[in-house]
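Just data22.csv here, CSV, C-alpha atoms and all ligand atoms:
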chain,number,residue,atom,x,y,z
A,1,MET,CA,-24.3,-8.3,-3.4
A,2,THR,CA,-22.9,-6.8,-6.6
A,3,THR,CA,-21.6,-8.8,-9.5
A,4,THR,CA,-17.9,-8.1,-9.9
A,5,GLN,CA,-16.7,-8.1,-13.5
A,6,LEU,CA,-13.1,-9.1,-14.0
A,7,LEU,CA,-11.9,-7.2,-17.1
A,8,PRO,CA,-8.6,-7.6,-18.8
A,9,ALA,CA,-7.1,-4.1,-19.2
A,10,THR,CA,-7.8,-3.7,-23.0
A,11,PRO,CA,-8.5,-0.3,-24.4
A,12,ALA,CA,-12.2,-1.1,-24.7
A,13,ASN,CA,-12.4,-2.3,-21.1
A,14,ILE,CA,-10.5,0.8,-19.8
A,15,THR,CA,-13.1,2.9,-21.5
A,16,ALA,CA,-15.9,0.8,-19.9
A,17,ALA,CA,-14.2,1.2,-16.5
A,18,ALA,CA,-14.0,4.9,-16.9
A,19,ARG,CA,-17.7,5.0,-17.7
A,20,LEU,CA,-18.4,3.0,-14.6
A,21,LEU,CA,-16.4,5.4,-12.4
A,22,ARG,CA,-18.2,8.4,-13.9
A,23,ALA,CA,-21.5,6.7,-13.0
A,24,GLY,CA,-20.4,6.4,-9.3
A,25,SER,CA,-19.4,2.7,-9.4
A,26,LEU,CA,-16.4,1.2,-7.7
A,27,VAL,CA,-13.6,-0.1,-10.0
A,28,ALA,CA,-10.3,-1.7,-8.8
A,29,PHE,CA,-7.3,-0.9,-11.1
A,30,PRO,CA,-3.6,-1.6,-11.2
A,31,THR,CA,-1.0,0.9,-10.2
A,32,GLU,CA,2.8,0.5,-10.0
A,33,THR,CA,2.5,0.0,-6.2
A,34,VAL,CA,-0.6,-2.1,-5.4
A,35,TYR,CA,-4.1,-2.3,-6.8
A,36,GLY,CA,-6.3,0.6,-5.9
A,37,LEU,CA,-10.1,0.6,-5.2
A,38,GLY,CA,-11.2,3.6,-7.2
A,39,ALA,CA,-14.3,5.9,-7.0
A,40,ASP,CA,-14.9,9.3,-8.4
A,41,ALA,CA,-13.3,11.6,-5.8
A,42,LEU,CA,-15.7,14.5,-6.4
A,43,ASN,CA,-18.8,12.3,-5.9
A,44,PRO,CA,-19.2,11.9,-2.1
A,45,ALA,CA,-21.7,9.0,-2.5
A,46,ALA,CA,-19.3,7.1,-4.6
A,47,ALA,CA,-16.4,7.7,-2.3
A,48,ALA,CA,-18.5,6.7,0.7
A,49,ARG,CA,-19.0,3.3,-0.9
A,50,ILE,CA,-15.2,2.7,-0.8
A,51,PHE,CA,-15.4,2.7,3.0
A,52,SER,CA,-18.2,0.1,3.2
A,53,ALA,CA,-16.7,-2.1,0.5
A,54,LYS,CA,-13.4,-2.3,2.3
A,55,GLY,CA,-14.8,-2.3,5.8
A,56,ARG,CA,-12.6,0.7,6.4
A,57,PRO,CA,-13.2,3.1,9.3
A,58,ALA,CA,-14.4,6.5,8.4
A,59,GLU,CA,-11.5,8.2,10.2
A,60,ASP,CA,-9.0,6.8,7.6
A,61,PRO,CA,-8.6,9.3,4.8
A,62,LEU,CA,-8.2,8.4,1.1
A,63,ILE,CA,-5.5,9.1,-1.5
A,64,VAL,CA,-6.7,11.0,-4.6
A,65,HIS,CA,-5.2,10.0,-7.9
A,66,ILE,CA,-4.6,12.4,-10.8
A,67,HIS,CA,-3.0,12.0,-14.3
A,68,THR,CA,-2.0,15.6,-15.0
A,69,LEU,CA,-0.9,18.6,-12.9
A,70,SER,CA,-3.8,20.6,-14.3
A,71,GLN,CA,-6.1,18.5,-12.0
A,72,LEU,CA,-4.2,19.8,-8.9
A,73,ASN,CA,-6.0,23.1,-8.4
A,74,GLN,CA,-9.3,21.3,-8.0
A,75,LEU,CA,-7.9,19.5,-5.0
A,76,ALA,CA,-5.1,21.5,-3.4
A,77,SER,CA,-5.5,25.1,-2.3
A,78,GLN,CA,-1.7,25.6,-2.0
A,79,VAL,CA,1.3,23.9,-3.6
A,80,SER,CA,4.6,25.0,-2.0
A,81,GLU,CA,7.9,25.2,-3.9
A,82,PRO,CA,9.3,22.0,-2.3
A,83,ALA,CA,6.0,20.2,-3.2
A,84,LEU,CA,6.3,21.2,-6.8
A,85,ALA,CA,10.0,20.1,-6.9
A,86,LEU,CA,8.9,16.7,-5.6
A,87,MET,CA,6.2,16.4,-8.2
A,88,GLU,CA,8.7,17.2,-10.9
A,89,ALA,CA,11.2,14.7,-9.6
A,90,PHE,CA,8.9,11.8,-8.8
A,91,TRP,CA,5.5,12.0,-10.6
A,92,PRO,CA,4.2,10.0,-12.1
A,93,GLY,CA,5.4,7.6,-9.3
A,94,PRO,CA,5.0,6.1,-5.9
A,95,LEU,CA,5.0,9.4,-3.9
A,96,THR,CA,1.8,10.8,-2.2
A,97,LEU,CA,1.9,14.4,-1.1
A,98,VAL,CA,-0.4,15.7,1.7
A,99,LEU,CA,-1.4,19.2,0.8
A,100,PRO,CA,-4.0,21.8,2.1
A,101,LYS,CA,-7.3,20.9,0.5
A,102,THR,CA,-9.8,23.0,-1.4
A,103,SER,CA,-13.5,23.2,-0.5
A,104,GLN,CA,-14.3,21.0,-3.5
A,105,VAL,CA,-12.8,18.0,-1.6
A,106,ASP,CA,-15.5,16.5,0.6
A,107,ASP,CA,-14.6,16.3,4.3
A,108,ALA,CA,-15.5,12.6,4.3
A,109,LEU,CA,-12.7,11.9,1.9
A,110,THR,CA,-10.1,13.4,4.2
A,111,ALA,CA,-11.7,12.2,7.4
A,112,GLY,CA,-12.4,15.8,8.4
A,113,LEU,CA,-8.7,16.8,8.0
A,114,PRO,CA,-8.0,20.1,6.2
A,115,PHE,CA,-5.4,18.3,4.1
A,116,VAL,CA,-5.8,15.9,1.1
A,117,ALA,CA,-3.4,13.2,0.0
A,118,ILE,CA,-2.6,13.3,-3.8
A,119,ARG,CA,-0.6,11.1,-6.1
A,120,MET,CA,0.0,10.5,-9.8
A,121,PRO,CA,0.5,6.8,-10.4
A,122,ASN,CA,3.1,5.5,-12.8
A,123,HIS,CA,1.2,2.8,-14.6
A,124,PRO,CA,-0.1,3.0,-18.1
A,125,VAL,CA,-3.5,1.5,-17.3
A,126,ALA,CA,-4.0,3.7,-14.3
A,127,LEU,CA,-3.0,6.8,-16.3
A,128,GLN,CA,-5.3,5.9,-19.2
A,129,LEU,CA,-8.2,5.2,-16.8
A,130,LEU,CA,-7.7,8.5,-15.1
A,131,ARG,CA,-7.5,10.4,-18.3
A,132,GLN,CA,-10.7,8.8,-19.7
A,133,THR,CA,-12.5,9.3,-16.4
A,134,GLY,CA,-11.6,13.0,-16.6
A,135,ARG,CA,-12.0,13.3,-12.8
A,136,PRO,CA,-9.7,12.7,-9.9
A,137,VAL,CA,-10.1,9.2,-8.5
A,138,ALA,CA,-10.0,8.3,-4.8
A,139,ALA,CA,-8.4,4.9,-4.2
A,140,PRO,CA,-7.1,3.1,-1.2
A,141,SER,CA,-5.4,-0.2,-1.6
A,142,ALA,CA,-8.0,-2.7,-2.9
A,143,ASN,CA,-8.0,-5.1,0.0
A,144,LEU,CA,-10.4,-5.6,3.0
A,145,PHE,CA,-9.4,-3.3,5.8
A,146,GLY,CA,-6.4,-4.6,7.8
A,147,HIS,CA,-5.6,-7.4,5.3
A,148,THR,CA,-2.5,-7.8,3.1
A,149,SER,CA,-2.5,-5.4,0.2
A,150,PRO,CA,-3.2,-6.7,-3.3
A,151,THR,CA,-0.5,-6.9,-6.0
A,152,SER,CA,-2.6,-8.8,-8.6
A,153,ALA,CA,-6.2,-8.8,-9.8
A,154,SER,CA,-6.7,-12.3,-8.2
A,155,HIS,CA,-5.7,-10.8,-4.8
A,156,VAL,CA,-8.4,-8.1,-5.3
A,157,LEU,CA,-11.0,-10.7,-6.3
A,158,ALA,CA,-10.2,-12.8,-3.3
A,159,ASP,CA,-11.0,-9.9,-1.0
A,160,LEU,CA,-13.7,-7.8,-2.8
A,161,ASN,CA,-15.6,-10.2,-5.0
A,162,GLY,CA,-19.3,-9.2,-4.8
A,163,ARG,CA,-18.5,-5.9,-3.2
A,164,ILE,CA,-17.4,-3.8,-6.2
A,165,GLU,CA,-18.5,-3.4,-9.8
A,166,ALA,CA,-15.3,-4.2,-11.7
A,167,ILE,CA,-11.6,-5.1,-11.5
A,168,LEU,CA,-9.3,-4.0,-14.4
A,169,ASP,CA,-6.7,-6.8,-14.6
A,170,GLY,CA,-3.3,-5.2,-15.6
A,171,GLY,CA,-1.1,-8.0,-14.3
A,172,GLU,CA,1.3,-7.8,-11.3
A,173,CYS,CA,2.3,-4.6,-9.7
A,174,THR,CA,6.0,-3.9,-10.1
A,175,VAL,CA,6.9,-1.9,-7.0
A,176,GLY,CA,4.8,-4.0,-4.7
A,177,VAL,CA,4.7,-1.7,-1.6
A,178,GLU,CA,2.5,1.4,-1.3
A,179,SER,CA,3.5,4.9,-2.1
A,180,THR,CA,5.6,7.0,0.3
A,181,VAL,CA,3.2,9.4,2.1
A,182,LEU,CA,4.8,12.8,2.8
A,183,HIS,CA,3.0,15.5,4.7
A,184,MET,CA,3.8,18.9,3.2
A,185,GLY,CA,1.7,21.0,5.6
A,186,MET,CA,3.8,20.7,8.7
A,187,GLU,CA,6.8,22.9,9.8
A,188,GLN,CA,9.1,20.4,8.2
A,189,PRO,CA,8.0,17.9,5.5
A,190,THR,CA,7.2,14.7,7.4
A,191,LEU,CA,7.3,11.1,6.3
A,192,LEU,CA,4.0,9.6,7.4
A,193,ARG,CA,4.5,6.2,5.6
A,194,PRO,CA,7.7,4.9,4.0
A,195,GLY,CA,7.0,3.5,0.5
A,196,GLY,CA,8.1,3.2,-3.1
A,197,VAL,CA,10.2,6.4,-3.2
A,198,PRO,CA,13.0,6.1,-0.7
A,199,ARG,CA,13.4,8.8,2.0
A,200,GLU,CA,17.0,9.3,0.7
A,201,ALA,CA,15.8,10.2,-2.8
A,202,ILE,CA,13.3,12.7,-1.4
A,203,GLU,CA,16.0,14.3,0.8
A,204,GLN,CA,18.2,14.7,-2.3
A,205,VAL,CA,15.5,17.0,-3.7
A,206,ILE,CA,14.2,19.0,-0.7
A,207,GLY,CA,16.7,18.4,2.1
A,208,PRO,CA,15.9,16.7,5.5
A,209,VAL,CA,12.5,15.3,6.2
A,210,ALA,CA,11.1,14.5,9.6
A,211,LEU,CA,10.2,10.9,10.5
A,212,ARG,CA,6.9,10.2,12.2
A,213,GLY,CA,6.9,7.3,14.6
A,214,ARG,CA,3.9,5.0,15.3
A,215,GLN,CA,0.7,6.7,16.4
A,216,HIS,CA,-1.0,5.8,19.6
A,217,GLN,CA,-4.1,7.8,19.4
A,218,PRO,CA,-7.6,7.0,20.7
A,219,ALA,CA,-9.5,5.3,17.9
A,220,HIS,CA,-12.2,8.0,17.8
A,221,GLN,CA,-9.7,10.7,16.7
A,222,ALA,CA,-8.8,11.2,13.0
A,223,LEU,CA,-5.3,9.8,12.8
A,224,PRO,CA,-2.5,11.8,11.1
A,225,SER,CA,-1.9,8.7,9.0
A,226,PRO,CA,-3.9,5.6,9.9
A,227,GLY,CA,-1.6,3.5,7.7
A,228,LEU,CA,0.5,3.8,10.9
A,229,LEU,CA,-2.0,1.7,12.9
A,230,ASP,CA,-0.1,-1.0,14.7
A,231,ARG,CA,-1.8,-4.0,13.0
A,232,HIS,CA,-2.3,-3.7,9.2
A,233,TYR,CA,-1.4,-5.6,6.1
A,234,ALA,CA,-1.9,-8.7,8.1
A,235,PRO,CA,-2.1,-12.3,6.8
A,236,HIS,CA,-4.5,-14.7,8.6
A,237,THR,CA,-1.7,-17.0,9.8
A,238,PRO,CA,0.2,-15.4,12.7
A,239,LEU,CA,3.5,-13.8,11.5
A,240,THR,CA,6.6,-13.4,13.7
A,241,PHE,CA,8.9,-10.6,12.4
A,242,VAL,CA,12.5,-11.1,13.5
A,243,THR,CA,14.3,-7.7,13.8
A,244,THR,CA,17.1,-9.0,16.1
A,245,PRO,CA,20.1,-9.2,13.8
A,246,MET,CA,21.0,-12.8,13.3
A,247,ALA,CA,23.1,-15.0,11.0
A,248,PRO,CA,21.1,-17.1,8.5
A,249,ALA,CA,22.0,-20.3,10.3
A,250,ASP,CA,20.7,-18.9,13.6
A,251,PHE,CA,17.4,-17.9,11.9
A,252,ALA,CA,17.1,-21.4,10.4
A,253,ASN,CA,17.7,-22.8,13.9
A,254,LEU,CA,15.0,-20.7,15.3
A,255,VAL,CA,12.6,-21.9,12.6
A,256,ALA,CA,13.8,-25.5,13.1
A,257,GLY,CA,12.9,-25.3,16.8
A,258,ARG,CA,9.3,-24.4,15.9
A,259,VAL,CA,9.1,-27.3,13.4
A,260,GLN,CA,10.4,-29.7,16.0
A,261,ALA,CA,7.7,-28.4,18.4
A,262,GLY,CA,5.2,-29.8,15.9
A,263,ARG,CA,4.3,-26.6,14.1
A,264,LYS,CA,3.9,-26.2,10.3
A,265,VAL,CA,6.0,-23.2,9.6
A,266,GLY,CA,6.2,-20.9,6.5
A,267,VAL,CA,8.9,-18.3,5.9
A,268,LEU,CA,9.1,-15.2,3.7
A,269,ALA,CA,12.7,-16.1,2.8
A,270,TYR,CA,15.6,-14.4,1.1
A,271,ARG,CA,17.1,-16.5,-1.6
A,272,GLY,CA,20.3,-17.2,0.2
A,273,HIS,CA,18.4,-18.7,3.1
A,274,ILE,CA,16.1,-21.1,1.3
A,275,ALA,CA,18.3,-24.2,1.3
A,276,MET,CA,18.8,-23.9,5.1
A,277,LEU,CA,15.1,-23.3,5.7
A,278,VAL,CA,14.0,-26.3,3.6
A,279,GLN,CA,16.6,-28.4,5.6
A,280,ALA,CA,14.9,-27.0,8.8
A,281,GLY,CA,11.6,-28.4,7.6
A,282,ALA,CA,9.9,-25.1,6.8
A,283,THR,CA,7.9,-24.0,3.7
A,284,PRO,CA,9.8,-21.0,2.2
A,285,TYR,CA,8.5,-18.3,-0.2
A,286,ASP,CA,11.3,-16.9,-2.3
A,287,LEU,CA,11.5,-13.2,-1.9
A,288,GLY,CA,14.6,-12.8,-4.1
A,289,HIS,CA,18.0,-11.6,-3.0
A,290,GLU,CA,18.3,-9.7,0.3
A,291,HIS,CA,20.6,-7.2,-1.5
A,292,ASP,CA,17.9,-6.4,-4.0
A,293,PRO,CA,15.2,-4.7,-1.9
A,294,ALA,CA,13.3,-3.6,-5.0
A,295,ALA,CA,12.8,-7.3,-5.9
A,296,VAL,CA,11.9,-8.2,-2.3
A,297,ALA,CA,9.4,-5.3,-2.1
A,298,SER,CA,7.6,-6.6,-5.2
A,299,GLN,CA,7.1,-10.0,-3.6
A,300,ILE,CA,6.2,-9.5,0.1
A,301,TYR,CA,2.4,-9.2,-0.3
A,302,ALA,CA,2.2,-12.1,-2.9
A,303,GLY,CA,4.4,-14.1,-0.5
A,304,LEU,CA,2.1,-13.4,2.5
A,305,ARG,CA,-1.0,-14.3,0.6
A,306,TRP,CA,0.6,-17.5,-0.8
A,307,LEU,CA,1.9,-18.6,2.6
A,308,ASP,CA,-1.6,-17.9,3.9
A,309,SER,CA,-3.0,-20.5,1.4
A,310,GLN,CA,-0.7,-23.3,2.5
A,311,HIS,CA,-2.5,-24.3,5.7
A,312,LEU,CA,0.5,-23.5,8.0
A,313,ASP,CA,0.4,-22.8,11.7
A,314,GLU,CA,2.7,-19.8,11.8
A,315,LEU,CA,4.9,-17.6,9.6
A,316,PHE,CA,8.4,-16.0,10.0
A,317,ALA,CA,10.1,-13.1,8.3
A,318,LEU,CA,13.5,-11.6,8.9
A,319,ALA,CA,14.2,-7.9,8.7
A,320,ILE,CA,16.1,-6.4,5.8
A,321,SER,CA,18.7,-3.6,5.8
A,322,PRO,CA,16.7,-0.4,6.2
A,323,ALA,CA,18.3,1.5,3.3
A,324,GLY,CA,16.2,2.5,0.3
A,325,LEU,CA,13.1,0.4,-0.1
A,326,GLY,CA,14.2,-1.6,3.0
A,327,LEU,CA,12.5,0.9,5.3
A,328,ALA,CA,9.1,0.3,3.6
A,329,ILE,CA,9.6,-3.5,3.6
A,330,ASN,CA,10.4,-3.5,7.4
A,331,ASP,CA,7.6,-1.1,8.1
A,332,ARG,CA,5.0,-3.3,6.3
A,333,LEU,CA,6.3,-6.6,7.8
A,334,SER,CA,6.3,-5.2,11.3
A,335,ARG,CA,2.7,-4.1,10.9
A,336,ALA,CA,1.7,-7.4,9.3
A,337,ALA,CA,3.2,-9.2,12.3
A,338,GLU,CA,1.4,-10.5,15.3
A,339,ARG,CA,4.8,-10.6,17.2
A,340,VAL,CA,8.0,-8.6,16.6
A,341,VAL,CA,11.1,-10.1,18.2
A,401,LIG,O1,0.4,3.2,-3.3
A,401,LIG,C1,-0.6,3.7,-2.8
A,401,LIG,O2,-0.5,4.7,-2.1
A,401,LIG,C2,-1.9,2.9,-2.9
A,401,LIG,C3,-2.3,3.0,-4.4
A,401,LIG,C4,-3.6,2.4,-4.7
A,401,LIG,O3,-2.2,4.4,-4.9
A,401,LIG,N1,-2.9,3.5,-2.1
A,401,LIG,C5,-2.9,3.3,-0.7
A,401,LIG,O4,-4.0,3.9,-0.1
A,401,LIG,O5,-2.0,2.7,-0.1
A,401,LIG,P1,-4.4,3.5,1.4
A,401,LIG,O6,-5.7,4.2,1.6
A,401,LIG,O7,-4.3,2.1,1.6
A,401,LIG,O8,-3.3,4.3,2.3
A,401,LIG,C6,-3.4,5.7,2.3
A,401,LIG,C7,-2.5,6.3,3.4
A,401,LIG,C8,-3.1,5.9,4.7
A,401,LIG,O9,-2.0,5.7,5.6
A,401,LIG,C9,-3.8,7.2,5.1
A,401,LIG,O10,-4.0,7.4,6.4
A,401,LIG,C10,-2.9,8.3,4.5
A,401,LIG,O11,-2.4,7.7,3.3
A,401,LIG,N2,-3.6,9.5,4.2
A,401,LIG,C11,-4.6,9.7,3.3
A,401,LIG,N3,-5.0,11.0,3.3
A,401,LIG,C12,-4.4,11.6,4.3
A,401,LIG,C13,-4.4,12.9,4.8
A,401,LIG,N4,-5.3,13.8,4.4
A,401,LIG,N5,-3.5,13.2,5.8
A,401,LIG,C14,-2.7,12.3,6.3
A,401,LIG,N6,-2.6,11.0,5.8
A,401,LIG,C15,-3.4,10.7,4.8
A,402,MG,MG,-4.0,0.2,2.5
Can you present the structure in this file as structure tokens?
Amino acid sequence: MTTTQLLPATPANITAAARLLRAGSLVAFPTETVYGLGADALNPAAAARIFSAKGRPAEDPLIVHIHTLSQLNQLASQVSEPALALMEAFWPGPLTLVLPKTSQVDDALTAGLPFVAIRMPNHPVALQLLRQTGRPVAAPSANLFGHTSPTSASHVLADLNGRIEAILDGGECTVGVESTVLHMGMEQPTLLRPGGVPREAIEQVIGPVALRGRQHQPAHQALPSPGLLDRHYAPHTPLTFVTTPMAPADFANLVAGRVQAGRKVGVLAYRGHIAMLVQAGATPYDLGHEHDPAAVASQIYAGLRWLDSQHLDELFALAISPAGLGLAINDRLSRAAERVV
């Protein structure tokens, strides 16, 4: 058991956190997407501790975070023209590029793959921490493996207290869903995970990208992107994700039917549906307006964690229009769900 320090992200504490990272410790820190669980990416023993702290399987590779393009050549052996164009357009920001790795990157970090995932986060605390650490920092989301991702320091503490040395508290994450992961080493750039940078925005810069469906590979094989595992991001209370298009009143009726069957029901709810859902006897969590997917994205993980704390029997969520951030929202909710209908 390690004592976990919860540190407000003051300049002095950022300096202390950078020192911890250089010494091989684990430090969770805020990014614009979700909190990351950081370790020195070039220290294999430190990076290995990420897997045990999270309970993450060794075949799930890590994202490496940098604060300046001059750190790229330590990590990537080749950077193509389209990759550079994407960095110029979206870094710092919620886009992770998968590039051919150098020999300096330990195989354990990439789960044996010849490619490494890299991103430059757009968060002042993360950038300052990376600058002061002076080394690339490996960081998956700072949650227990398979659980809902953390968008506040208290979410990190709930999952990882006693397992890591420190948490830098920089408030709530603004984007709220993870970065878009784009593989640049295939014949065509391939979207492995939809995320904070919409596919449409990427295509405006480099043209069409291929979409990768869900992976169904044997567990012992390194997955092209294990974020694509079927069950991930999950709350403890079973979630039903409704993808069948339906009118708000029909959705409220569906929920009312469960309440009448004696179930305590929570709903990740769009603002316009809340009155009807309360009427139906459900406990709603306000995601904001359906027509504002950026606001909704920022709330889905906080919503799942809050509903999980309300002693409910089951949860419901309704799919959003898949444009822009909607693609990432639907992706996360379908993986968080026990049942998709
Ligand atoms: O927004 C984010 O990306 C957050 C913050 C902390 O930066 N990080 C994050 O990391 O979501 P994680 O480990 O939870 O998800 C990383 C995703 C996984 O789906 C992983 O399989 C994929 O990136 N990935 C990492 N390295 C890869 C590689 N070499 N090839 C293919 N996919 C890779
Ligand atoms: Mg994750």
Practice prompt. Step by step, measure atom-to-atom distances between ligand LIG 401 (chain A) and each residue using only C-alpha atoms and all ligand atoms, keep those at most 6 Å, then write them as a ChimeraX atom specification.
Written response: /A:33-36,60-63,98,110,113,115-117,139-141,178-179,181,224-227
Worksheet item: Residues at most 7 Å from Cys173 (chain A), counting only C-alpha atoms, excluding those fewer than 3 positions away in the same chain, as a PyMOL selection string?
Response: chain A and resi 30-34+151-152+176
Output file for the residues above (C-alpha atoms, as a CSV table (one decimal), in the frame of the given file):
chain,number,residue,atom,x,y,z
A,30,PRO,CA,-3.6,-1.6,-11.2
A,31,THR,CA,-1.0,0.9,-10.2
A,32,GLU,CA,2.8,0.5,-10.0
A,33,THR,CA,2.5,0.0,-6.2
A,34,VAL,CA,-0.6,-2.1,-5.4
A,151,THR,CA,-0.5,-6.9,-6.0
A,152,SER,CA,-2.6,-8.8,-8.6
A,176,GLY,CA,4.8,-4.0,-4.7
Fill in: Distance criterion (only C-alpha atoms and all ligand atoms): nearest to ligand MG 402 (chain A) out of A:Val255, A:Met184, A:Ala41, A:Val177
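The answer is A:Val177, which sits nearest to ligand MG 402 (chain A).
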Practice prompt. Taking (-2.3, 7.5, -15.5) in the file's own coordinates, collect the residues within 9 Å, counting all atoms listed in the file, and hand them back as number ranges by chain.
Written response: A: 31, 65-68, 92, 120-131
Kindly export the residues of the current selection with C-alpha atoms, as a PDB file, in the coordinates of the input.
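Output file selection17.pdb is given in full below:
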ATOM      1  CA  THR A  31      -1.000   0.900 -10.200  1.00  0.00           C
ATOM      2  CA  HIS A  65      -5.200  10.000  -7.900  1.00  0.00           C
ATOM      3  CA  ILE A  66      -4.600  12.400 -10.800  1.00  0.00           C
ATOM      4  CA  HIS A  67      -3.000  12.000 -14.300  1.00  0.00           C
ATOM      5  CA  THR A  68      -2.000  15.600 -15.000  1.00  0.00           C
ATOM      6  CA  PRO A  92       4.200  10.000 -12.100  1.00  0.00           C
ATOM      7  CA  MET A 120       0.000  10.500  -9.800  1.00  0.00           C
ATOM      8  CA  PRO A 121       0.500   6.800 -10.400  1.00  0.00           C
ATOM      9  CA  ASN A 122       3.100   5.500 -12.800  1.00  0.00           C
ATOM     10  CA  HIS A 123       1.200   2.800 -14.600  1.00  0.00           C
ATOM     11  CA  PRO A 124      -0.100   3.000 -18.100  1.00  0.00           C
ATOM     12  CA  VAL A 125      -3.500   1.500 -17.300  1.00  0.00           C
ATOM     13  CA  ALA A 126      -4.000   3.700 -14.300  1.00  0.00           C
ATOM     14  CA  LEU A 127      -3.000   6.800 -16.300  1.00  0.00           C
ATOM     15  CA  GLN A 128      -5.300   5.900 -19.200  1.00  0.00           C
ATOM     16  CA  LEU A 129      -8.200   5.200 -16.800  1.00  0.00           C
ATOM     17  CA  LEU A 130      -7.700   8.500 -15.100  1.00  0.00           C
ATOM     18  CA  ARG A 131      -7.500  10.400 -18.300  1.00  0.00           C
TER      19      ARG A 131
END
Worksheet item: Excluding same-chain residues fewer than 6 positions from Ala58 (chain A), what lies within 8 Å of it counting only C-alpha atoms, as a ChimeraX atom specification?
Response: /A:51,108,111
Worksheet, complete the sentence: Here CA of Asp169 (chain A) and CA of Leu7 (chain A) stand apart by 5.8 Å
Worksheet item: Distance CA of Thr190 (chain A)-CA of Leu327 (chain A), one decimal place?
Response: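 Taking CA of Thr190 (chain A) as the start and CA of Leu327 (chain A) as the end point, the length is 14.9 Å.
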Fill in: Residues within 6 Å of region 277-286 of chain A, all atoms listed in the file, excluding chain neighbours under 2 positions, as a VMD selection string
chain A and resid 252 256 265 to 269 271 274 to 275 288 303
Worksheet entry | Using all atoms listed in the file: which of A:Pro198, A:Pro238, A:Pro208, A:Pro57 has the shortest distance to Ala294 (chain A) | A:Pro198
Worksheet item: What does the distance from CA of Ala89 (chain A) to CA of Asp292 (chain A) come to in Å, to one decimal?
Response: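 So the two atoms, CA of Ala89 (chain A) and CA of Asp292 (chain A), lie 22.8 Å apart.
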Discussion item. When you count all atoms listed in the file, which of these residues is closest to Lys54 (chain A): A:Ala76, A:Leu99, A:Leu144, A:Met276?
Written reply: A:Leu144
Discussion item. Give me the residues near Ala336 (chain A) as a list in words, where near means some atom within 9 Å (using all atoms listed in the file) and where sequence neighbours in that chain fewer than 2 positions away do not count.
Written reply: Gly146, His147, Thr148, Asp230, Arg231, His232, Tyr233, Ala234, Pro235, Pro238, Leu239, Thr240, Phe241, Asp331, Arg332, Leu333, Ser334 and Glu338 of chain A
Discussion item. If we count all atoms listed in the file and set the cut-off at 12 Å, which residues sit around Arg22 (chain A), ignoring sequence neighbours fewer than 5 positions away in its own chain? Please answer as a ChimeraX atom specification.
Written reply: /A:15-17,27,38-43,45-47,129-137
Discussion item. I'd like to know which of A:Ser154, A:Thr180, A:Ser149, A:Gln299 is closest to ligand MG 402 (chain A), using all atoms listed in the file.
Written reply: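 Nearest to ligand MG 402 (chain A): A:Ser149.
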Worksheet item: Which one is closest to ligand MG 402 (chain A): A:Ala337, A:Leu109, A:Leu37, A:Met87? Count only C-alpha atoms and all ligand atoms.
Response: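 Comparing A:Ala337, A:Leu109, A:Leu37, A:Met87 against ligand MG 402 (chain A), the winner is A:Leu37.
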Response to the item:
Closest of A:Gly196, A:Gly93, A:Glu81, A:Val64 to Val105 (chain A), counting only C-alpha atoms, is A:Val64
May I have the protein, DNA and RNA residues with an atom at most 8 Å from (9.5, -5.4, -1.6), counting all atoms listed in the file in the file's coordinates, returned as an mmCIF file with C-alpha atoms, in the coordinates of the input?
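See part_25.cif below for the written result:
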data_model
loop_
_atom_site.group_PDB
_atom_site.id
_atom_site.type_symbol
_atom_site.label_atom_id
_atom_site.label_comp_id
_atom_site.auth_asym_id
_atom_site.auth_seq_id
_atom_site.Cartn_x
_atom_site.Cartn_y
_atom_site.Cartn_z
ATOM 1 C CA VAL A 175 6.900 -1.900 -7.000
ATOM 2 C CA GLY A 176 4.800 -4.000 -4.700
ATOM 3 C CA VAL A 177 4.700 -1.700 -1.600
ATOM 4 C CA PRO A 293 15.200 -4.700 -1.900
ATOM 5 C CA ALA A 294 13.300 -3.600 -5.000
ATOM 6 C CA ALA A 295 12.800 -7.300 -5.900
ATOM 7 C CA VAL A 296 11.900 -8.200 -2.300
ATOM 8 C CA ALA A 297 9.400 -5.300 -2.100
ATOM 9 C CA SER A 298 7.600 -6.600 -5.200
ATOM 10 C CA GLN A 299 7.100 -10.000 -3.600
ATOM 11 C CA ILE A 300 6.200 -9.500 0.100
ATOM 12 C CA LEU A 325 13.100 0.400 -0.100
ATOM 13 C CA GLY A 326 14.200 -1.600 3.000
ATOM 14 C CA ALA A 328 9.100 0.300 3.600
ATOM 15 C CA ILE A 329 9.600 -3.500 3.600
#
